[in-house]
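Asker: Input structure: work-v1.cif, which contains mmCIF, C-alpha atoms and all ligand atoms.
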```cif
data_input
#
loop_
_atom_site.label_atom_id
_atom_site.label_comp_id
_atom_site.auth_asym_id
_atom_site.auth_seq_id
_atom_site.Cartn_x
_atom_site.Cartn_y
_atom_site.Cartn_z
CA MET A 1 0.00 0.00 0.00
CA LEU A 2 1.16 3.50 -0.87
CA GLU A 3 0.15 6.36 1.41
CA LEU A 4 0.55 10.00 0.48
CA THR A 5 -0.09 12.51 3.24
CA ASP A 6 -0.31 16.24 2.69
CA ILE A 7 2.19 16.16 -0.19
CA THR A 8 3.25 19.57 -1.46
CA LYS A 9 5.73 20.40 -4.19
CA VAL A 10 6.90 23.96 -4.70
CA TYR A 11 9.45 24.41 -7.51
CA LYS A 12 12.23 26.98 -7.55
CA GLY A 13 10.56 30.19 -8.62
CA GLY A 14 7.59 29.49 -6.39
CA LYS A 15 5.30 27.35 -8.57
CA ARG A 16 3.15 25.20 -6.26
CA ALA A 17 2.62 22.16 -8.51
CA VAL A 18 1.20 19.85 -5.83
CA ASP A 19 -0.71 21.42 -2.99
CA GLY A 20 -1.43 19.43 0.17
CA LEU A 21 -2.49 16.24 -1.58
CA SER A 22 -3.36 13.10 0.41
CA MET A 23 -4.38 9.74 -1.01
CA THR A 24 -3.97 6.04 -0.36
CA LEU A 25 -3.35 3.56 -3.16
CA GLY A 26 -3.94 -0.17 -2.82
CA HIS A 27 -4.06 -2.91 -5.46
CA GLY A 28 -5.98 -1.89 -8.55
CA MET A 29 -5.73 0.82 -11.14
CA VAL A 30 -6.31 4.44 -10.34
CA GLY A 31 -6.83 6.73 -13.31
CA LEU A 32 -5.37 10.14 -12.52
CA LEU A 33 -7.26 12.66 -14.63
CA GLY A 34 -6.49 16.34 -14.89
CA PRO A 35 -5.92 19.12 -17.40
CA ASN A 36 -2.42 20.12 -18.54
CA GLY A 37 -0.52 21.69 -15.67
CA ALA A 38 -2.70 20.03 -13.00
CA GLY A 39 0.39 18.60 -11.30
CA LYS A 40 -0.01 14.97 -12.42
CA SER A 41 3.58 14.54 -13.64
CA SER A 42 4.94 16.21 -10.51
CA LEU A 43 2.92 13.84 -8.34
CA MET A 44 4.14 10.81 -10.31
CA ARG A 45 7.75 11.95 -10.08
CA ILE A 46 7.31 12.22 -6.30
CA ILE A 47 5.80 8.72 -6.06
CA SER A 48 8.66 7.39 -8.20
CA THR A 49 11.16 9.14 -5.89
CA VAL A 50 12.66 11.06 -8.82
CA THR A 51 11.66 14.30 -7.08
CA ARG A 52 11.36 14.91 -3.36
CA PRO A 53 8.25 16.62 -2.06
CA THR A 54 8.77 20.01 -0.45
CA SER A 55 6.69 18.76 2.47
CA GLY A 56 4.42 15.87 3.36
CA THR A 57 5.07 12.15 3.75
CA LEU A 58 5.07 9.24 1.35
CA ARG A 59 5.01 5.69 2.69
CA TYR A 60 5.21 2.36 0.88
CA GLU A 61 4.24 -0.67 2.96
CA GLY A 62 4.81 1.49 6.02
CA THR A 63 8.33 2.68 5.08
CA ASP A 64 8.93 6.41 4.79
CA LEU A 65 10.23 6.91 1.24
CA THR A 66 11.82 10.27 1.95
CA ALA A 67 14.22 8.51 4.30
CA ASP A 68 14.50 5.29 2.29
CA PRO A 69 13.63 5.73 -1.42
CA ASP A 70 15.08 2.30 -2.25
CA ALA A 71 12.14 0.69 -0.45
CA ILE A 72 9.99 1.45 -3.50
CA ARG A 73 12.62 1.67 -6.27
CA ARG A 74 13.12 -2.10 -6.20
CA HIS A 75 9.40 -2.61 -6.78
CA LEU A 76 8.70 0.24 -9.14
CA GLY A 77 7.97 0.44 -12.86
CA TYR A 78 7.85 4.04 -14.03
CA LEU A 79 7.15 5.44 -17.46
CA PRO A 80 7.83 9.18 -17.39
CA GLN A 81 6.15 11.52 -19.85
CA ASP A 82 9.48 12.57 -21.36
CA PHE A 83 11.00 9.13 -21.69
CA GLY A 84 14.42 9.29 -23.39
CA VAL A 85 16.42 6.54 -25.10
CA TYR A 86 19.92 5.96 -26.45
CA PRO A 87 19.36 6.24 -30.22
CA HIS A 88 22.25 3.97 -31.21
CA LEU A 89 21.08 0.99 -29.15
CA THR A 90 18.51 -1.51 -30.34
CA SER A 91 15.44 -2.07 -28.14
CA ARG A 92 16.90 -5.35 -26.91
CA GLU A 93 20.23 -3.72 -25.97
CA PHE A 94 18.50 -0.78 -24.34
CA LEU A 95 16.25 -2.99 -22.23
CA ALA A 96 19.25 -5.14 -21.25
CA TYR A 97 21.06 -2.01 -20.14
CA LEU A 98 18.10 -0.82 -18.03
CA ALA A 99 17.63 -4.31 -16.57
CA ALA A 100 21.27 -4.30 -15.44
CA ALA A 101 20.82 -0.83 -13.94
CA LYS A 102 17.81 -2.19 -12.03
CA GLY A 103 19.96 -5.01 -10.68
CA LEU A 104 18.31 -7.88 -12.57
CA SER A 105 20.53 -10.87 -13.30
CA ALA A 106 21.53 -11.18 -16.98
CA ARG A 107 19.83 -14.56 -17.22
CA SER A 108 16.42 -13.61 -15.85
CA ALA A 109 16.59 -10.29 -17.74
CA LYS A 110 17.14 -12.05 -21.06
CA ALA A 111 13.97 -14.13 -20.82
CA ARG A 112 11.93 -11.23 -19.48
CA ILE A 113 13.10 -8.90 -22.28
CA GLU A 114 12.00 -11.37 -24.97
CA GLU A 115 8.64 -11.71 -23.22
CA LEU A 116 8.20 -7.94 -23.02
CA LEU A 117 9.24 -7.33 -26.62
CA GLU A 118 6.55 -9.80 -27.61
CA LEU A 119 4.02 -8.17 -25.30
CA VAL A 120 4.53 -4.68 -26.74
CA ASN A 121 4.71 -6.02 -30.26
CA LEU A 122 8.27 -5.00 -31.07
CA THR A 123 9.84 -8.34 -32.00
CA GLU A 124 9.95 -7.37 -35.68
CA ALA A 125 11.91 -4.20 -34.93
CA VAL A 126 14.48 -5.47 -32.42
CA LYS A 127 17.40 -5.27 -34.83
CA ARG A 128 16.87 -1.61 -35.67
CA PRO A 129 18.43 1.21 -33.60
CA LEU A 130 16.00 3.17 -31.45
CA GLY A 131 16.88 6.32 -33.39
CA ALA A 132 14.94 4.85 -36.33
CA TYR A 133 11.78 4.13 -34.27
CA SER A 134 8.53 6.09 -34.61
CA GLY A 135 7.06 7.92 -31.60
CA GLY A 136 4.57 5.12 -31.00
CA MET A 137 7.30 2.47 -31.12
CA LEU A 138 9.40 4.40 -28.60
CA ARG A 139 6.37 4.63 -26.35
CA ARG A 140 6.12 0.85 -26.51
CA VAL A 141 9.80 0.54 -25.54
CA GLY A 142 8.96 2.82 -22.60
CA ILE A 143 6.10 0.55 -21.58
CA ALA A 144 8.36 -2.51 -21.79
CA GLN A 145 11.05 -0.94 -19.59
CA ALA A 146 8.42 -0.01 -16.98
CA LEU A 147 7.51 -3.69 -16.74
CA LEU A 148 11.06 -5.03 -16.32
CA GLY A 149 11.60 -6.91 -13.08
CA ASP A 150 7.93 -7.58 -12.35
CA PRO A 151 7.18 -4.31 -10.49
CA ARG A 152 4.58 -4.17 -7.69
CA VAL A 153 3.92 -0.48 -8.24
CA ILE A 154 3.46 0.74 -11.82
CA VAL A 155 3.31 4.47 -12.50
CA VAL A 156 2.71 5.53 -16.08
CA ASP A 157 2.48 9.15 -17.18
CA GLU A 158 0.33 9.72 -20.27
CA PRO A 159 1.36 6.28 -21.54
CA THR A 160 -0.88 6.13 -24.57
CA ALA A 161 0.31 9.39 -26.17
CA GLY A 162 1.43 8.53 -29.68
CA LEU A 163 -0.08 5.04 -29.72
CA ASP A 164 -2.62 4.11 -32.36
CA PRO A 165 -6.15 3.13 -31.22
CA GLU A 166 -5.46 -0.61 -31.34
CA GLU A 167 -2.28 -0.22 -29.29
CA ARG A 168 -4.12 1.96 -26.77
CA VAL A 169 -6.69 -0.74 -26.15
CA ARG A 170 -4.01 -3.41 -25.90
CA PHE A 171 -1.99 -1.42 -23.40
CA ARG A 172 -5.01 -0.43 -21.30
CA ASN A 173 -6.04 -4.06 -21.05
CA LEU A 174 -2.51 -5.12 -20.14
CA LEU A 175 -2.39 -2.59 -17.29
CA SER A 176 -5.83 -3.61 -16.17
CA ASP A 177 -4.70 -7.27 -15.95
CA LEU A 178 -1.56 -6.29 -14.05
CA SER A 179 -3.54 -4.21 -11.57
CA ALA A 180 -5.27 -7.30 -10.12
CA ASP A 181 -2.42 -7.70 -7.62
CA ARG A 182 -0.41 -4.51 -8.09
CA VAL A 183 -0.71 -0.78 -7.53
CA VAL A 184 -1.14 0.87 -10.93
CA MET A 185 -1.44 4.61 -11.49
CA LEU A 186 -2.08 5.95 -14.97
CA SER A 187 -2.24 9.65 -15.63
CA THR A 188 -3.95 11.22 -18.59
CA HIS A 189 -6.01 14.20 -19.67
CA ILE A 190 -8.01 11.94 -21.99
CA VAL A 191 -11.06 10.50 -20.24
CA SER A 192 -11.45 7.60 -22.66
CA ASP A 193 -7.98 6.35 -21.66
CA VAL A 194 -9.29 5.35 -18.25
CA GLU A 195 -13.03 4.96 -18.48
CA SER A 196 -13.04 1.38 -19.65
CA VAL A 197 -10.35 0.11 -17.26
CA ALA A 198 -10.07 2.19 -14.08
CA SER A 199 -12.57 1.42 -11.35
CA ASP A 200 -11.03 4.22 -9.32
CA ILE A 201 -10.71 7.76 -10.69
CA ALA A 202 -8.82 10.64 -9.10
CA VAL A 203 -9.39 14.10 -10.55
CA MET A 204 -6.64 16.62 -10.01
CA ALA A 205 -6.35 20.32 -10.88
CA GLY A 206 -4.25 23.17 -9.52
CA GLY A 207 -2.13 20.69 -7.56
CA ARG A 208 -5.11 19.47 -5.56
CA LEU A 209 -7.12 16.28 -5.51
CA LEU A 210 -10.62 17.48 -6.32
CA ARG A 211 -12.55 14.21 -6.34
CA ARG A 212 -11.87 10.51 -6.05
CA GLY A 213 -14.29 7.68 -6.57
CA ALA A 214 -15.59 4.95 -8.82
CA PRO A 215 -16.71 6.15 -12.27
CA GLU A 216 -20.33 5.44 -11.26
CA GLU A 217 -19.98 7.68 -8.20
CA LEU A 218 -18.54 10.53 -10.24
CA MET A 219 -21.26 10.15 -12.85
CA GLY A 220 -23.86 9.95 -10.05
CA ASP A 221 -22.86 13.49 -8.97
CA LEU A 222 -24.38 14.77 -12.20
CA GLU A 223 -27.54 12.67 -12.24
CA GLY A 224 -30.40 14.77 -13.64
CA ARG A 225 -28.00 17.55 -14.68
CA VAL A 226 -26.97 16.54 -18.20
CA TRP A 227 -29.04 17.63 -21.17
CA GLU A 228 -28.92 17.51 -24.91
CA ILE A 229 -30.14 20.44 -26.93
CA LEU A 230 -30.17 21.14 -30.64
CA VAL A 231 -29.39 24.74 -31.54
CA ASP A 232 -28.67 26.86 -34.57
CA PRO A 233 -24.89 27.30 -35.16
CA SER A 234 -25.30 31.03 -34.45
CA ALA A 235 -26.52 30.28 -30.89
CA VAL A 236 -23.59 28.08 -29.85
CA SER A 237 -21.42 30.77 -28.30
CA ALA A 238 -24.36 32.17 -26.28
CA VAL A 239 -25.07 28.70 -24.85
CA GLN A 240 -21.35 28.21 -24.10
CA SER A 241 -21.21 31.47 -22.18
CA HIS A 242 -24.07 30.36 -19.91
CA TYR A 243 -23.45 26.67 -19.46
CA VAL A 244 -20.71 24.08 -19.31
CA VAL A 245 -20.86 22.34 -22.68
CA SER A 246 -19.30 18.90 -22.51
CA ARG A 247 -19.71 17.99 -26.18
CA MET A 248 -20.68 19.49 -29.47
CA ILE A 249 -21.69 17.63 -32.62
CA ARG A 250 -22.52 19.39 -35.87
CA THR A 251 -25.42 17.80 -37.72
CA SER A 252 -27.38 18.82 -40.79
CA ALA A 253 -30.25 19.87 -38.47
CA GLY A 254 -28.06 22.13 -36.31
CA VAL A 255 -25.53 21.74 -33.53
CA ARG A 256 -26.23 19.12 -30.88
CA LEU A 257 -24.84 20.25 -27.52
CA ARG A 258 -24.43 18.33 -24.32
CA VAL A 259 -24.97 20.75 -21.47
CA LEU A 260 -24.41 20.46 -17.71
CA SER A 261 -27.13 22.27 -15.80
CA ALA A 262 -29.25 21.66 -12.70
CA GLN A 263 -32.26 23.23 -14.48
CA PRO A 264 -33.43 22.38 -17.99
CA PRO A 265 -31.49 24.69 -20.31
CA VAL A 266 -33.18 27.01 -22.80
CA GLY A 267 -35.24 25.55 -25.63
CA GLU A 268 -36.13 21.93 -26.09
CA ALA A 269 -33.86 19.84 -23.91
CA THR A 270 -33.66 16.09 -23.39
CA GLN A 271 -32.25 14.77 -20.17
CA VAL A 272 -29.51 12.20 -20.77
CA ALA A 273 -27.48 9.87 -18.54
CA PRO A 274 -24.16 11.40 -17.43
CA ASP A 275 -20.97 9.82 -18.75
CA LEU A 276 -17.45 10.10 -17.35
CA GLU A 277 -16.52 12.97 -19.65
CA ASP A 278 -19.45 14.99 -18.22
CA ALA A 279 -18.45 14.00 -14.69
CA TYR A 280 -14.82 15.02 -15.21
CA LEU A 281 -15.79 18.37 -16.65
CA GLY A 282 -18.32 18.90 -13.85
CA VAL A 283 -15.58 18.39 -11.23
CA ILE A 284 -13.06 20.63 -12.99
CA ARG A 285 -15.51 23.43 -13.77
CA GLY A 286 -17.23 23.19 -10.40
CA ALA A 287 -13.88 23.76 -8.68
CA ALA A 288 -12.98 26.64 -11.02
CA ASP A 289 -16.31 28.28 -10.19
CA ARG A 290 -15.83 27.95 -6.49
CA ARG A 291 -12.42 29.55 -6.84
CA SER A 292 -13.51 32.49 -8.96
CA ASP A 293 -16.81 32.80 -7.06
CA ASP A 294 -18.29 33.88 -10.37
CA ARG A 295 -21.55 32.77 -11.96
CA PRO A 296 -21.94 29.01 -11.39
CA ALA A 297 -21.02 27.14 -14.56
CA VAL A 298 -23.25 24.24 -13.57
CA ARG A 299 -26.40 26.15 -12.71
CA ARG A 300 -28.20 25.22 -9.53
N1 LIG A 401 10.80 21.51 -12.88
C1 LIG A 401 9.86 22.45 -12.80
N2 LIG A 401 10.16 23.73 -12.43
C2 LIG A 401 9.22 24.68 -12.35
N3 LIG A 401 7.90 24.48 -12.61
C3 LIG A 401 7.53 23.24 -12.98
C4 LIG A 401 8.48 22.16 -13.09
N4 LIG A 401 7.81 21.04 -13.49
C5 LIG A 401 6.51 21.40 -13.61
N5 LIG A 401 6.35 22.72 -13.31
C6 LIG A 401 5.07 23.46 -13.29
O1 LIG A 401 4.22 22.85 -12.34
C7 LIG A 401 2.87 22.78 -12.81
C8 LIG A 401 2.41 21.34 -12.84
O2 LIG A 401 3.14 20.66 -13.86
P1 LIG A 401 3.01 19.09 -14.15
O3 LIG A 401 3.89 18.78 -15.31
O4 LIG A 401 3.22 18.38 -12.89
O5 LIG A 401 1.47 19.00 -14.57
P2 LIG A 401 0.71 17.90 -15.43
O6 LIG A 401 -0.65 17.76 -14.85
O7 LIG A 401 1.54 16.69 -15.54
O8 LIG A 401 0.58 18.60 -16.82
P3 LIG A 401 1.04 18.06 -18.27
O9 LIG A 401 0.06 17.02 -18.64
O10 LIG A 401 0.96 19.30 -19.12
O11 LIG A 401 2.45 17.56 -18.07
C9 LIG A 401 2.87 23.46 -14.17
O12 LIG A 401 2.50 24.81 -13.99
C10 LIG A 401 4.32 23.35 -14.62
O13 LIG A 401 4.65 24.41 -15.47
#
```
Would you write out, as structure tokens, the structure that this file holds?

Answerer:
Amino acid sequence: MLELTDITKVYKGGKRAVDGLSMTLGHGMVGLLGPNGAGKSSLMRIISTVTRPTSGTLRYEGTDLTADPDAIRRHLGYLPQDFGVYPHLTSREFLAYLAAAKGLSARSAKARIEELLELVNLTEAVKRPLGAYSGGMLRRVGIAQALLGDPRVIVVDEPTAGLDPEERVRFRNLLSDLSADRVVMLSTHIVSDVESVASDIAVMAGGRLLRRGAPEELMGDLEGRVWEILVDPSAVSAVQSHYVVSRMIRTSAGVRLRVLSAQPPVGEATQVAPDLEDAYLGVIRGAADRRSDDRPAVRR
């Protein structure tokens, strides 16, 4: 179990990227959702002991990681957002190098590397240097290195960026399988990356944890508050200035908008069941409203 208590990270220059965040992570996958700049990467770097928090405590199986970062490093698989490689090495050589750095024996590493290359679908490309790989292929190398040494805690930062839709599904399912008896944290700003696999969603913005719960709980917050309306294209900006619009589809009959509102919005509105995208936006915009103390975006 991983326990974060009142974690704060203030960078040189004063940016408060993580602001008094507490959460406990057990086995299973938590989907960390938040807009760009929310502090997701900073939080993941802290969990991976790459960065030290400015204050707060981080414990893994009861051990304080500020005092003893090795307690988690041995059990950690981390895919950072800005994962770099040695362009002259092949994927097999690169993984062997990282396995050695992690302290794996050459023999067990060899078998595991072949298994992982197969898993991320790179067996065809193993002879080529990494400098000749596409962005998606490099991402897959990143995923493979995070899984070296059978980690108990897997932290992956925007792992599906650059993957094609088929690879995204494959990778999501792989993480979901692994999370049965491991701690898995996946960060993203794309709701669909987590909605089918994470039974536990944490929404972060401005360095704070705004909401955590099962997707059904988050969606339940908006029950009776999601509507669909069909408007003329000329009316779209007026609707957007009054309501949180979670989706917009142009049709030949007009523009179909999905609107978050406690009261039926203007015109002919059909109430629809909330989805996770609505729920995420409701949390983010609700918090922004409370901060600015302006007109409520989700009208009550
Ligand atoms: N090393 C650093 N020094 C100063 N400020 C930083 C540093 N790293 C991140 N920040 C700032 O901290 C805030 C949070 O950044 P972070 O990368 O953790 O967010 P994020 O949610 O991962 O966003 P993104 O998805 O865009 O990476 C941002 O305002 C960012 O500019």

Asker: Could you pull out every residue with an atom within 6 Å of (-4.8, -3.0, -7.7), file coordinates, counting only C-alpha atoms, and send them as a ChimeraX atom specification?

Answerer: /A:26-29,179-183

Asker: List as an MDAnalysis selection string the protein and nucleic acid residues lying within 10 Å of ligand LIG 401 (chain A), with all atoms listed in the file counted.

Answerer: chainID A and resid 9:18 32:46 51 80:82 157:158 187:189 204:207

Asker: If we count all atoms listed in the file, what is near A:Gly136 at a cut-off of 9 Å, once residues fewer than 4 positions away on the same chain are taken out, given as a compact mmCIF listing (two decimals) with C-alpha atoms, keeping the file's coordinate frame?

Answerer:
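Generated file (result-v9.txt):
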```
# COMPACT_ATOMS: atom_id res chain seq x y z
CA ARG A 140 6.12 0.85 -26.51
CA VAL A 141 9.80 0.54 -25.54
CA THR A 160 -0.88 6.13 -24.57
CA ALA A 161 0.31 9.39 -26.17
CA GLY A 162 1.43 8.53 -29.68
CA LEU A 163 -0.08 5.04 -29.72
CA ASP A 164 -2.62 4.11 -32.36
CA GLU A 167 -2.28 -0.22 -29.29
```

Asker: Give the answer as one residue: which of A:Asp150, A:Glu268, A:Glu166, A:Glu195 has the shortest atom-to-atom distance to A:Gly77, using all atoms listed in the file?

Answerer: A:Asp150

Asker: Using all atoms listed in the file, determine which residues lie at most 8 Å from A:Asp278, disregarding the query and same-chain residues fewer than 6 positions distant; provide the list as an NGL selection string.

Answerer: :A and (219 or 222 or 226 or 246 or 260)

Asker: A:Ala67, A:Val194, A:Ala202, A:Ala269: which is nearest A:Trp227, counting all atoms listed in the file?

Answerer: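 Closest to A:Trp227 of all the choices is A:Ala269.
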
Asker: In Å to one decimal, how far is atom CA of A:Leu119 from atom CA of A:Ala146?

Answerer: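 Distance between the two atoms: 12.5 Å.
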
Asker: Using all atoms listed in the file, which residue out of A:Lys110, A:Lys102, A:Leu209, A:Met1 lies closest to A:Gly20?

Answerer: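 Closest residue, counting all atoms listed in the file: A:Leu209.
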
Asker: Please, what distance in Å, to one decimal, runs between atom CA of A:Ile7 and atom CA of A:Val197?

Answerer: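 Answer for the atom CA of A:Ile7 to atom CA of A:Val197 separation: 26.6 Å.
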
Asker: Go ahead and compute the interatomic distance for atom CA of A:Pro265 and atom CA of A:Met248, in Å to one decimal.

Answerer: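 Taking atom CA of A:Pro265 as the start and atom CA of A:Met248 as the end point, the length is 15.1 Å.
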
Asker: Around (-8.7, 5.3, -2.6) in the file's frame, which residues reach within 10 Å when counting all atoms listed in the file? Return as a ChimeraX atom specification?

Answerer: /A:3,22-28,30,200-202,212-214

Asker: Near A:Leu65, counting only C-alpha atoms, which residues have an atom at most 12 Å away, once you skip same-chain residues fewer than 4 positions from it, shown as a ChimeraX atom specification?

Answerer: /A:2-5,46-53,56-61,69-73

Asker: Report as a list in words all protein, DNA and RNA residues lying within 10 Å of A:Glu115, evaluated on only C-alpha atoms, omitting residues in the same chain fewer than 6 positions from it.

Answerer: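 Residues near the query, excluding close chain neighbours: Ala109, Asn121, Thr123, Ala144 and Leu148 of chain A.
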
Asker: May I ask which of the residues A:Leu89, A:Leu186, A:Leu257, A:Ile143 is the closest one to A:Val120, counting only C-alpha atoms?

Answerer: A:Ile143

Asker: From the list A:Ser105, A:Leu210, A:Ala96, A:Leu116, which residue is nearest A:Leu174 when using all atoms listed in the file?

Answerer: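 Going through A:Ser105, A:Leu210, A:Ala96, A:Leu116 one by one, the smallest distance to A:Leu174 is for A:Leu116.
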
Asker: Smallest atom-to-atom distance to A:Phe94: which of A:Val169, A:Ile113, A:Val191, A:Ala238, using all atoms listed in the file?

Answerer: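 Checking each candidate against A:Phe94, we get A:Ile113 as the closest.
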